[in-house]
Every structure is written in structure tokens, then in C-alpha cells.
file protein_13.pdb (PDB, C-alpha atoms, pLDDT in the B column)
ATOM      1  CA  MET N 635     -12.263  -7.419   8.991  1.00 42.00           C
ATOM      2  CA  ASP N 636     -12.717  -3.685   9.109  1.00 52.00           C
ATOM      3  CA  ALA N 637     -16.111  -2.439   7.989  1.00 58.00           C
ATOM      4  CA  ALA N 638     -14.875   0.618   6.048  1.00 84.00           C
ATOM      5  CA  ARG N 639     -14.843   0.031   2.285  1.00 93.00           C
ATOM      6  CA  LEU N 640     -12.031   2.414   1.486  1.00 97.00           C
ATOM      7  CA  PRO N 641     -10.077   2.310  -1.768  1.00 97.00           C
ATOM      8  CA  PHE N 642      -6.478   1.117  -1.521  1.00 97.00           C
ATOM      9  CA  PHE N 643      -3.228   2.997  -2.021  1.00 98.00           C
ATOM     10  CA  VAL N 644      -0.591   0.787  -3.663  1.00 98.00           C
ATOM     11  CA  TYR N 645       3.058   1.789  -4.001  1.00 97.00           C
ATOM     12  CA  GLY N 646       5.080  -1.339  -4.735  1.00 95.00           C
ATOM     13  CA  THR N 647       4.537  -4.658  -6.483  1.00 94.00           C
ATOM     14  CA  LEU N 648       0.789  -3.970  -6.844  1.00 96.00           C
ATOM     15  CA  ARG N 649       1.328  -0.916  -9.076  1.00 95.00           C
ATOM     16  CA  PRO N 650       0.519  -1.262 -12.784  1.00 92.00           C
ATOM     17  CA  GLY N 651       3.357  -3.223 -14.379  1.00 91.00           C
ATOM     18  CA  GLY N 652       4.401  -4.696 -11.026  1.00 92.00           C
ATOM     19  CA  PRO N 653       4.558  -8.458 -10.496  1.00 92.00           C
ATOM     20  CA  ASN N 654       1.455  -8.626  -8.284  1.00 95.00           C
ATOM     21  CA  HIS N 655      -0.734  -6.197 -10.204  1.00 94.00           C
ATOM     22  CA  ASP N 656      -2.103  -8.558 -12.855  1.00 92.00           C
ATOM     23  CA  ALA N 657      -2.406 -11.510 -10.481  1.00 93.00           C
ATOM     24  CA  LEU N 658      -4.480  -9.659  -7.894  1.00 95.00           C
ATOM     25  CA  LEU N 659      -5.973  -6.507  -9.400  1.00 95.00           C
ATOM     26  CA  ARG N 660      -6.631  -7.038 -13.120  1.00 92.00           C
ATOM     27  CA  GLY N 661     -10.379  -7.296 -13.763  1.00 92.00           C
ATOM     28  CA  ARG N 662     -11.238  -6.541 -10.125  1.00 95.00           C
ATOM     29  CA  VAL N 663     -10.927  -2.755 -10.059  1.00 96.00           C
ATOM     30  CA  ARG N 664     -13.043   0.088 -11.371  1.00 96.00           C
ATOM     31  CA  ALA N 665     -10.301   2.740 -11.329  1.00 96.00           C
ATOM     32  CA  GLU N 666      -6.582   3.268 -10.747  1.00 96.00           C
ATOM     33  CA  GLU N 667      -5.389   6.837 -10.317  1.00 97.00           C
ATOM     34  CA  PRO N 668      -1.861   8.179  -9.707  1.00 98.00           C
ATOM     35  CA  ALA N 669      -1.597   9.654  -6.228  1.00 98.00           C
ATOM     36  CA  ARG N 670       0.756  10.590  -3.399  1.00 98.00           C
ATOM     37  CA  LEU N 671       0.866   9.634   0.241  1.00 97.00           C
ATOM     38  CA  HIS N 672       2.254  12.472   2.356  1.00 97.00           C
ATOM     39  CA  GLY N 673       3.880  11.829   5.721  1.00 97.00           C
ATOM     40  CA  ALA N 674       5.641   8.611   4.704  1.00 98.00           C
ATOM     41  CA  VAL N 675       8.879   7.477   3.045  1.00 98.00           C
ATOM     42  CA  LEU N 676       9.881   4.265   1.281  1.00 98.00           C
ATOM     43  CA  TYR N 677      12.506   1.754   2.330  1.00 97.00           C
ATOM     44  CA  GLU N 678      13.784  -1.152   0.284  1.00 95.00           C
ATOM     45  CA  GLY N 679      12.702  -4.623   1.303  1.00 91.00           C
ATOM     46  CA  PRO N 680      13.688  -7.978  -0.208  1.00 89.00           C
ATOM     47  CA  GLY N 681      12.098  -7.351  -3.630  1.00 89.00           C
ATOM     48  CA  TYR N 682       9.371  -5.026  -2.392  1.00 93.00           C
ATOM     49  CA  PRO N 683       9.191  -1.716  -0.510  1.00 96.00           C
ATOM     50  CA  TYR N 684       7.933  -0.670   2.890  1.00 97.00           C
ATOM     51  CA  ALA N 685       6.204   2.657   3.535  1.00 98.00           C
ATOM     52  CA  VAL N 686       7.213   4.118   6.896  1.00 98.00           C
ATOM     53  CA  GLU N 687       5.625   7.112   8.581  1.00 96.00           C
ATOM     54  CA  ALA N 688       7.937  10.148   8.384  1.00 96.00           C
ATOM     55  CA  ALA N 689       7.106  13.842   8.538  1.00 94.00           C
ATOM     56  CA  GLY N 690       7.815  15.618   5.286  1.00 94.00           C
ATOM     57  CA  GLY N 691       8.064  12.451   3.201  1.00 96.00           C
ATOM     58  CA  THR N 692       6.082  11.538   0.095  1.00 98.00           C
ATOM     59  CA  VAL N 693       5.361   8.123  -1.419  1.00 98.00           C
ATOM     60  CA  HIS N 694       4.166   7.844  -5.024  1.00 98.00           C
ATOM     61  CA  GLY N 695       1.631   5.217  -6.058  1.00 98.00           C
ATOM     62  CA  GLU N 696      -1.928   4.664  -7.189  1.00 98.00           C
ATOM     63  CA  ILE N 697      -5.345   4.770  -5.595  1.00 98.00           C
ATOM     64  CA  VAL N 698      -7.152   1.564  -6.524  1.00 97.00           C
ATOM     65  CA  VAL N 699     -10.961   1.481  -6.403  1.00 97.00           C
ATOM     66  CA  PRO N 700     -12.259  -2.099  -6.418  1.00 96.00           C
ATOM     67  CA  GLU N 701     -15.436  -3.182  -8.189  1.00 96.00           C
ATOM     68  CA  PRO N 702     -18.114  -3.387  -5.449  1.00 94.00           C
ATOM     69  CA  GLU N 703     -18.605  -7.157  -5.785  1.00 95.00           C
ATOM     70  CA  GLU N 704     -14.817  -7.689  -5.622  1.00 95.00           C
ATOM     71  CA  TYR N 705     -14.204  -5.627  -2.499  1.00 96.00           C
ATOM     72  CA  VAL N 706     -14.389  -8.326   0.179  1.00 95.00           C
ATOM     73  CA  PRO N 707     -12.432 -11.005  -1.719  1.00 95.00           C
ATOM     74  CA  LEU N 708      -9.847  -8.443  -2.834  1.00 96.00           C
ATOM     75  CA  LEU N 709      -9.368  -7.153   0.704  1.00 96.00           C
ATOM     76  CA  ALA N 710      -8.817 -10.733   1.881  1.00 96.00           C
ATOM     77  CA  ALA N 711      -6.364 -11.395  -0.975  1.00 96.00           C
ATOM     78  CA  LEU N 712      -4.371  -8.233  -0.215  1.00 97.00           C
ATOM     79  CA  ASP N 713      -4.265  -9.051   3.510  1.00 96.00           C
ATOM     80  CA  ARG N 714      -2.901 -12.519   2.599  1.00 96.00           C
ATOM     81  CA  LEU N 715      -0.320 -11.067   0.195  1.00 96.00           C
ATOM     82  CA  GLU N 716       0.921  -8.648   2.859  1.00 95.00           C
ATOM     83  CA  GLU N 717       0.660 -11.365   5.543  1.00 94.00           C
ATOM     84  CA  TYR N 718      -1.468  -8.980   7.564  1.00 96.00           C
ATOM     85  CA  VAL N 719      -3.587 -10.339  10.408  1.00 95.00           C
ATOM     86  CA  PRO N 720      -5.346  -7.692  12.526  1.00 91.00           C
ATOM     87  CA  GLY N 721      -3.670  -7.413  15.930  1.00 90.00           C
ATOM     88  CA  ASP N 722      -0.921  -9.967  15.227  1.00 93.00           C
ATOM     89  CA  PRO N 723       2.408  -8.708  16.652  1.00 92.00           C
ATOM     90  CA  ARG N 724       4.273 -10.749  14.006  1.00 93.00           C
ATOM     91  CA  ASN N 725       2.881  -8.654  11.130  1.00 95.00           C
ATOM     92  CA  LEU N 726       5.437  -7.188   8.746  1.00 94.00           C
ATOM     93  CA  TYR N 727       2.795  -4.717   7.539  1.00 96.00           C
ATOM     94  CA  ASP N 728      -0.169  -3.056   9.186  1.00 96.00           C
ATOM     95  CA  ARG N 729      -3.199  -1.981   7.153  1.00 96.00           C
ATOM     96  CA  VAL N 730      -4.067   1.563   8.195  1.00 96.00           C
ATOM     97  CA  ALA N 731      -6.457   4.280   7.029  1.00 96.00           C
ATOM     98  CA  TRP N 732      -4.569   7.258   5.595  1.00 97.00           C
ATOM     99  CA  THR N 733      -5.294  10.200   3.325  1.00 97.00           C
ATOM    100  CA  ALA N 734      -3.816  10.109  -0.178  1.00 98.00           C
ATOM    101  CA  VAL N 735      -3.828  12.988  -2.664  1.00 98.00           C
ATOM    102  CA  ARG N 736      -4.824  12.377  -6.291  1.00 98.00           C
ATOM    103  CA  ASP N 737      -2.284  13.722  -8.779  1.00 97.00           C
ATOM    104  CA  ALA N 738      -4.974  14.732 -11.311  1.00 97.00           C
ATOM    105  CA  ASP N 739      -6.890  17.194  -9.153  1.00 97.00           C
ATOM    106  CA  GLY N 740      -5.248  17.370  -5.715  1.00 97.00           C
ATOM    107  CA  ALA N 741      -8.322  15.871  -4.046  1.00 97.00           C
ATOM    108  CA  SER N 742      -7.818  14.105  -0.715  1.00 98.00           C
ATOM    109  CA  VAL N 743      -9.041  10.512  -0.600  1.00 97.00           C
ATOM    110  CA  ARG N 744      -9.222   8.297   2.489  1.00 97.00           C
ATOM    111  CA  VAL N 745      -7.543   4.955   1.656  1.00 97.00           C
ATOM    112  CA  TRP N 746      -6.279   1.730   3.128  1.00 97.00           C
ATOM    113  CA  VAL N 747      -2.506   1.404   2.858  1.00 98.00           C
ATOM    114  CA  TYR N 748      -0.131  -1.286   4.076  1.00 98.00           C
ATOM    115  CA  VAL N 749       2.717   0.313   6.030  1.00 98.00           C
ATOM    116  CA  ALA N 750       5.635  -1.254   7.888  1.00 97.00           C
ATOM    117  CA  ALA N 751       4.550  -2.622  11.256  1.00 96.00           C
ATOM    118  CA  PRO N 752       6.140  -0.783  14.218  1.00 95.00           C
ATOM    119  CA  ALA N 753       9.018  -3.226  14.837  1.00 94.00           C
ATOM    120  CA  VAL N 754       9.855  -3.372  11.124  1.00 95.00           C
ATOM    121  CA  ALA N 755       9.644   0.425  10.821  1.00 97.00           C
ATOM    122  CA  ALA N 756      12.066   0.847  13.740  1.00 96.00           C
ATOM    123  CA  ARG N 757      14.609  -1.507  12.115  1.00 96.00           C
ATOM    124  CA  LEU N 758      14.280   0.265   8.769  1.00 97.00           C
ATOM    125  CA  ARG N 759      14.745   3.715  10.317  1.00 96.00           C
ATOM    126  CA  ALA N 760      17.870   2.458  12.132  1.00 96.00           C
ATOM    127  CA  ARG N 761      19.590   0.639   9.278  1.00 96.00           C
ATOM    128  CA  GLY N 762      17.346   0.420   6.227  1.00 96.00           C
ATOM    129  CA  ARG N 763      18.025   1.711   2.736  1.00 96.00           C
ATOM    130  CA  ARG N 764      15.672   4.549   1.899  1.00 96.00           C
ATOM    131  CA  VAL N 765      14.225   5.038  -1.596  1.00 96.00           C
ATOM    132  CA  GLU N 766      14.951   8.759  -1.822  1.00 95.00           C
ATOM    133  CA  SER N 767      12.568   9.434  -4.723  1.00 96.00           C
ATOM    134  CA  GLY N 768       9.608   7.913  -2.865  1.00 96.00           C
ATOM    135  CA  ASN N 769       8.828   6.107  -6.111  1.00 96.00           C
ATOM    136  CA  TRP N 770       9.334   2.323  -6.220  1.00 94.00           C
ATOM    137  CA  PRO N 771      10.467   1.313  -9.700  1.00 85.00           C
ATOM    138  CA  VAL N 772       8.251  -1.204 -11.471  1.00 76.00           C
ATOM    139  CA  ARG N 773      10.353  -4.311 -11.905  1.00 62.00           C
TER     140      ARG N 773
END
call {"tool": "encode", "arguments": {"input": "protein_13.pdb", "output": "C-alpha cells"}}
result
Amino acid sequence: MDAARLPFFVYGTLRPGGPNHDALLRGRVRAEEPARLHGAVLYEGPGYPYAVEAAGGTVHGEIVVPEPEEYVPLLAALDRLEEYVPGDPRNLYDRVAWTAVRDADGASVRVWVYVAAPAVAARLRARGRRVESGNWPVR
């Protein structure tokens, strides 16, 4: 696992009110703050979105700051949820460090975010359905 203990940027089913939020984040986080991820757009997946790098795009979500004692188990749980294994070419998502911008004060925050792996991103760009608002609706 990566050594950096960055907060997470969530933009889909892990957002407050989303189906994975309570199961994975409730009681394990110190703060959740609305934020934006610049340089990415959203595409629809089968019940969940994919963020894909794209100049000029914006994705809306939250910065999630885990409780210190929950960081390692939460990171492992999120990697499992996203089926992310470092270096595995079969990944649907890659976990990457990115800079998010807090809505409240415009501060830049370095975060972990799960984005579409390269092969998935290429398919989405070619024939995916983009979420024009950059804001995945809580379902």
C-alpha cells in the first residue's frame, strides 16, 4: 500500500446518501467537505460513475478525512470496493493522488481518488455516456 495518508475524494456511491456511504464511511471519518476535482469528467457506469481525466472538466464530490485509527482499514476497504490492486492491468479503477478544491474556502487539498483505469477510460471516451453536470446524483 502507498505510504501517503491523504484524504479521499468521493464522487459516486460513497457520497453522503449514496448506497456505500453508510456501509463504509459512517463512524470512520472525522470530516466530509464538499469539493471539486478539476481536470476530470464523469461517465455513467452500471450503477456507479467513473471519473476520467479531461482538460476543462469538473467533478463534484466530497473530501473525506478518515479518523487516524481508521485510515489503514478504510483504505483497504475502499481498494476492495473499487477492486483496485496496485499494478494490476485488470483494474477498472486506479487510485491516484490528485488535487481537489474545497467549496467552502477554495483551498487546494491533495487527495486519493479512484479514476477509470486507462483501458476503461479509453472505452468511455469512445462510446460512454458523459454526466454533463459532473455531479453524480445520489440514488
call {"tool": "closest_atom_pairs", "arguments": {"input": "protein_13.pdb", "of": "region 644-675 of chain N", "to": "region 692-706 of chain N", "cutoff": "10 Å", "atoms": "only C-alpha atoms", "output": "JSON lines"}}
result
{"residue": "N:Val644", "atom": "CA", "partner": "N:Glu696", "partner_atom": "CA", "distance": 5.4}
{"residue": "N:Tyr645", "atom": "CA", "partner": "N:Gly695", "partner_atom": "CA", "distance": 4.2}
{"residue": "N:Gly646", "atom": "CA", "partner": "N:Gly695", "partner_atom": "CA", "distance": 7.5}
{"residue": "N:Leu648", "atom": "CA", "partner": "N:Glu696", "partner_atom": "CA", "distance": 9.1}
{"residue": "N:Arg649", "atom": "CA", "partner": "N:Glu696", "partner_atom": "CA", "distance": 6.7}
{"residue": "N:Pro650", "atom": "CA", "partner": "N:Glu696", "partner_atom": "CA", "distance": 8.5}
{"residue": "N:Leu659", "atom": "CA", "partner": "N:Pro700", "partner_atom": "CA", "distance": 8.2}
{"residue": "N:Gly661", "atom": "CA", "partner": "N:Glu701", "partner_atom": "CA", "distance": 8.6}
{"residue": "N:Arg662", "atom": "CA", "partner": "N:Glu701", "partner_atom": "CA", "distance": 5.7}
{"residue": "N:Val663", "atom": "CA", "partner": "N:Pro700", "partner_atom": "CA", "distance": 3.9}
{"residue": "N:Arg664", "atom": "CA", "partner": "N:Glu701", "partner_atom": "CA", "distance": 5.2}
{"residue": "N:Ala665", "atom": "CA", "partner": "N:Val699", "partner_atom": "CA", "distance": 5.1}
{"residue": "N:Glu666", "atom": "CA", "partner": "N:Val698", "partner_atom": "CA", "distance": 4.6}
{"residue": "N:Glu667", "atom": "CA", "partner": "N:Glu696", "partner_atom": "CA", "distance": 5.1}
{"residue": "N:Pro668", "atom": "CA", "partner": "N:Glu696", "partner_atom": "CA", "distance": 4.3}
{"residue": "N:Ala669", "atom": "CA", "partner": "N:Glu696", "partner_atom": "CA", "distance": 5.1}
{"residue": "N:Arg670", "atom": "CA", "partner": "N:His694", "partner_atom": "CA", "distance": 4.7}
{"residue": "N:Leu671", "atom": "CA", "partner": "N:Val693", "partner_atom": "CA", "distance": 5.0}
{"residue": "N:His672", "atom": "CA", "partner": "N:Thr692", "partner_atom": "CA", "distance": 4.5}
{"residue": "N:Gly673", "atom": "CA", "partner": "N:Thr692", "partner_atom": "CA", "distance": 6.0}
{"residue": "N:Ala674", "atom": "CA", "partner": "N:Thr692", "partner_atom": "CA", "distance": 5.5}
{"residue": "N:Val675", "atom": "CA", "partner": "N:Val693", "partner_atom": "CA", "distance": 5.7}
call {"tool": "residues_around", "arguments": {"input": "protein_13.pdb", "residues": "Val765 (chain N)", "least_positions_apart": "3", "cutoff": "6 Å", "atoms": "all atoms listed in the file", "output": "list in words"}}
result
Leu676, Tyr677 and Gly768 of chain N
call {"tool": "write_last_selection", "arguments": {"input": "protein_13.pdb", "atoms": "C-alpha atoms", "output": "compact mmCIF listing (two decimals), in the frame of the given file"}}
result
# COMPACT_ATOMS: atom_id res chain seq x y z
CA LEU N 676 9.88 4.26 1.28
CA TYR N 677 12.51 1.75 2.33
CA GLY N 768 9.61 7.91 -2.86
call {"tool": "resolve_selection", "arguments": {"input": "protein_13.pdb", "expression": "the PyMOL selection byres ((chain N and resi 713) around 12)", "output": "PyMOL selection string"}}
result
chain N and resi 635-636+642+658+706-712+714-720+725-730+746-749
call {"tool": "atom_distance", "arguments": {"input": "protein_13.pdb", "atom1": "CA of Ala738 (chain N)", "atom2": "CA of Val772 (chain N)"}}
result
20.7 Å
call {"tool": "atom_distance", "arguments": {"input": "protein_13.pdb", "atom1": "CA of Ala688 (chain N)", "atom2": "CA of Trp732 (chain N)"}}
result
13.1 Å
call {"tool": "atom_distance", "arguments": {"input": "protein_13.pdb", "atom1": "CA of Arg761 (chain N)", "atom2": "CA of Tyr684 (chain N)"}}
result
13.4 Å
call {"tool": "closest_residue", "arguments": {"input": "protein_13.pdb", "among": "N:Arg757, N:Arg724, N:Arg639, N:Arg660", "to": "Val745 (chain N)", "atoms": "only C-alpha atoms"}}
result
N:Arg639
call {"tool": "closest_residue", "arguments": {"input": "protein_13.pdb", "among": "N:Ala741, N:Gly721, N:Val735, N:Val686", "to": "Arg759 (chain N)", "atoms": "only C-alpha atoms"}}
result
N:Val686
call {"tool": "decode", "arguments": {"input": "protein_13.pdb", "residues": "region 648-682 of chain N", "atoms": "N, CA, C and O atoms", "output": "compact mmCIF listing (two decimals), in the first residue's frame"}}
result
# COMPACT_ATOMS: atom_id res chain seq x y z
N LEU N 648 -20.15 6.59 -2.72
CA LEU N 648 -19.60 6.84 -1.39
C LEU N 648 -19.99 8.22 -0.84
O LEU N 648 -19.70 8.52 0.31
N ARG N 649 -20.66 9.03 -1.64
CA ARG N 649 -21.09 10.36 -1.17
C ARG N 649 -22.20 10.20 -0.13
O ARG N 649 -22.92 9.20 -0.13
N PRO N 650 -22.34 11.19 0.76
CA PRO N 650 -23.43 11.12 1.74
C PRO N 650 -24.77 10.88 1.05
O PRO N 650 -25.09 11.53 0.05
N GLY N 651 -25.50 9.89 1.56
CA GLY N 651 -26.77 9.49 0.96
C GLY N 651 -26.64 8.40 -0.07
O GLY N 651 -27.63 7.80 -0.47
N GLY N 652 -25.41 8.13 -0.52
CA GLY N 652 -25.17 7.07 -1.50
C GLY N 652 -25.18 5.70 -0.85
O GLY N 652 -25.00 5.57 0.36
N PRO N 653 -25.38 4.65 -1.63
CA PRO N 653 -25.53 3.31 -1.07
C PRO N 653 -24.30 2.76 -0.34
O PRO N 653 -24.44 1.89 0.51
N ASN N 654 -23.12 3.24 -0.64
CA ASN N 654 -21.92 2.74 0.03
C ASN N 654 -21.43 3.65 1.16
O ASN N 654 -20.51 3.29 1.89
N HIS N 655 -22.02 4.82 1.29
CA HIS N 655 -21.55 5.76 2.30
C HIS N 655 -21.68 5.19 3.71
O HIS N 655 -20.70 5.11 4.45
N ASP N 656 -22.89 4.81 4.11
CA ASP N 656 -23.09 4.34 5.48
C ASP N 656 -22.31 3.06 5.75
O ASP N 656 -21.73 2.89 6.81
N ALA N 657 -22.28 2.16 4.78
CA ALA N 657 -21.62 0.86 4.98
C ALA N 657 -20.12 1.01 5.20
O ALA N 657 -19.54 0.26 5.99
N LEU N 658 -19.49 1.96 4.53
CA LEU N 658 -18.04 2.05 4.60
C LEU N 658 -17.50 3.27 5.35
O LEU N 658 -16.40 3.21 5.90
N LEU N 659 -18.24 4.37 5.36
CA LEU N 659 -17.67 5.60 5.92
C LEU N 659 -18.25 6.02 7.27
O LEU N 659 -17.55 6.65 8.06
N ARG N 660 -19.51 5.71 7.53
CA ARG N 660 -20.14 6.18 8.77
C ARG N 660 -19.35 5.71 9.99
O ARG N 660 -19.02 4.55 10.12
N GLY N 661 -19.02 6.67 10.87
CA GLY N 661 -18.29 6.37 12.09
C GLY N 661 -16.79 6.21 11.91
O GLY N 661 -16.07 5.97 12.88
N ARG N 662 -16.30 6.33 10.68
CA ARG N 662 -14.88 6.13 10.41
C ARG N 662 -14.18 7.40 9.95
O ARG N 662 -12.99 7.40 9.68
N VAL N 663 -14.95 8.49 9.80
CA VAL N 663 -14.36 9.72 9.26
C VAL N 663 -14.51 10.88 10.22
O VAL N 663 -15.46 10.96 10.99
N ARG N 664 -13.53 11.76 10.18
CA ARG N 664 -13.51 12.95 11.02
C ARG N 664 -14.23 14.11 10.33
O ARG N 664 -14.83 14.94 10.98
N ALA N 665 -14.15 14.17 9.00
CA ALA N 665 -14.76 15.29 8.27
C ALA N 665 -15.12 14.87 6.86
O ALA N 665 -14.46 14.01 6.27
N GLU N 666 -16.18 15.50 6.34
CA GLU N 666 -16.59 15.38 4.94
C GLU N 666 -16.92 16.78 4.47
O GLU N 666 -17.74 17.46 5.09
N GLU N 667 -16.24 17.22 3.41
CA GLU N 667 -16.40 18.59 2.95
C GLU N 667 -16.67 18.61 1.45
O GLU N 667 -15.94 17.97 0.69
N PRO N 668 -17.71 19.33 1.00
CA PRO N 668 -17.95 19.46 -0.44
C PRO N 668 -16.72 20.03 -1.14
O PRO N 668 -16.05 20.93 -0.62
N ALA N 669 -16.44 19.47 -2.32
CA ALA N 669 -15.25 19.88 -3.06
C ALA N 669 -15.43 19.58 -4.55
O ALA N 669 -16.41 18.96 -4.96
N ARG N 670 -14.46 20.04 -5.32
CA ARG N 670 -14.45 19.82 -6.77
C ARG N 670 -13.10 19.26 -7.18
O ARG N 670 -12.08 19.59 -6.59
N LEU N 671 -13.15 18.44 -8.20
CA LEU N 671 -11.95 17.87 -8.80
C LEU N 671 -11.87 18.45 -10.21
O LEU N 671 -12.75 18.19 -11.04
N HIS N 672 -10.89 19.30 -10.46
CA HIS N 672 -10.75 19.90 -11.78
C HIS N 672 -9.87 19.00 -12.65
O HIS N 672 -8.99 18.31 -12.17
N GLY N 673 -10.15 19.03 -13.96
CA GLY N 673 -9.36 18.23 -14.89
C GLY N 673 -9.89 16.83 -15.08
O GLY N 673 -9.18 15.94 -15.54
N ALA N 674 -11.18 16.62 -14.73
CA ALA N 674 -11.81 15.31 -14.90
C ALA N 674 -13.28 15.50 -15.22
O ALA N 674 -13.87 16.54 -14.91
N VAL N 675 -13.88 14.50 -15.86
CA VAL N 675 -15.31 14.47 -16.14
C VAL N 675 -15.86 13.13 -15.66
O VAL N 675 -15.10 12.19 -15.41
N LEU N 676 -17.18 13.06 -15.54
CA LEU N 676 -17.83 11.82 -15.12
C LEU N 676 -18.49 11.12 -16.30
O LEU N 676 -19.05 11.77 -17.19
N TYR N 677 -18.41 9.79 -16.26
CA TYR N 677 -19.15 8.94 -17.18
C TYR N 677 -19.99 7.97 -16.38
O TYR N 677 -19.58 7.54 -15.29
N GLU N 678 -21.15 7.62 -16.93
CA GLU N 678 -22.01 6.64 -16.28
C GLU N 678 -21.41 5.25 -16.38
O GLU N 678 -20.89 4.86 -17.43
N GLY N 679 -21.50 4.52 -15.28
CA GLY N 679 -21.16 3.11 -15.26
C GLY N 679 -22.43 2.35 -14.92
O GLY N 679 -23.51 2.93 -14.84
N PRO N 680 -22.32 1.06 -14.68
CA PRO N 680 -23.51 0.25 -14.34
C PRO N 680 -23.92 0.46 -12.87
O PRO N 680 -23.66 -0.37 -12.01
N GLY N 681 -24.53 1.62 -12.58
CA GLY N 681 -24.96 1.92 -11.22
C GLY N 681 -23.98 2.77 -10.43
O GLY N 681 -24.22 3.06 -9.27
N TYR N 682 -22.91 3.16 -11.04
CA TYR N 682 -21.89 3.99 -10.40
C TYR N 682 -21.14 4.74 -11.48
O TYR N 682 -21.13 4.33 -12.64
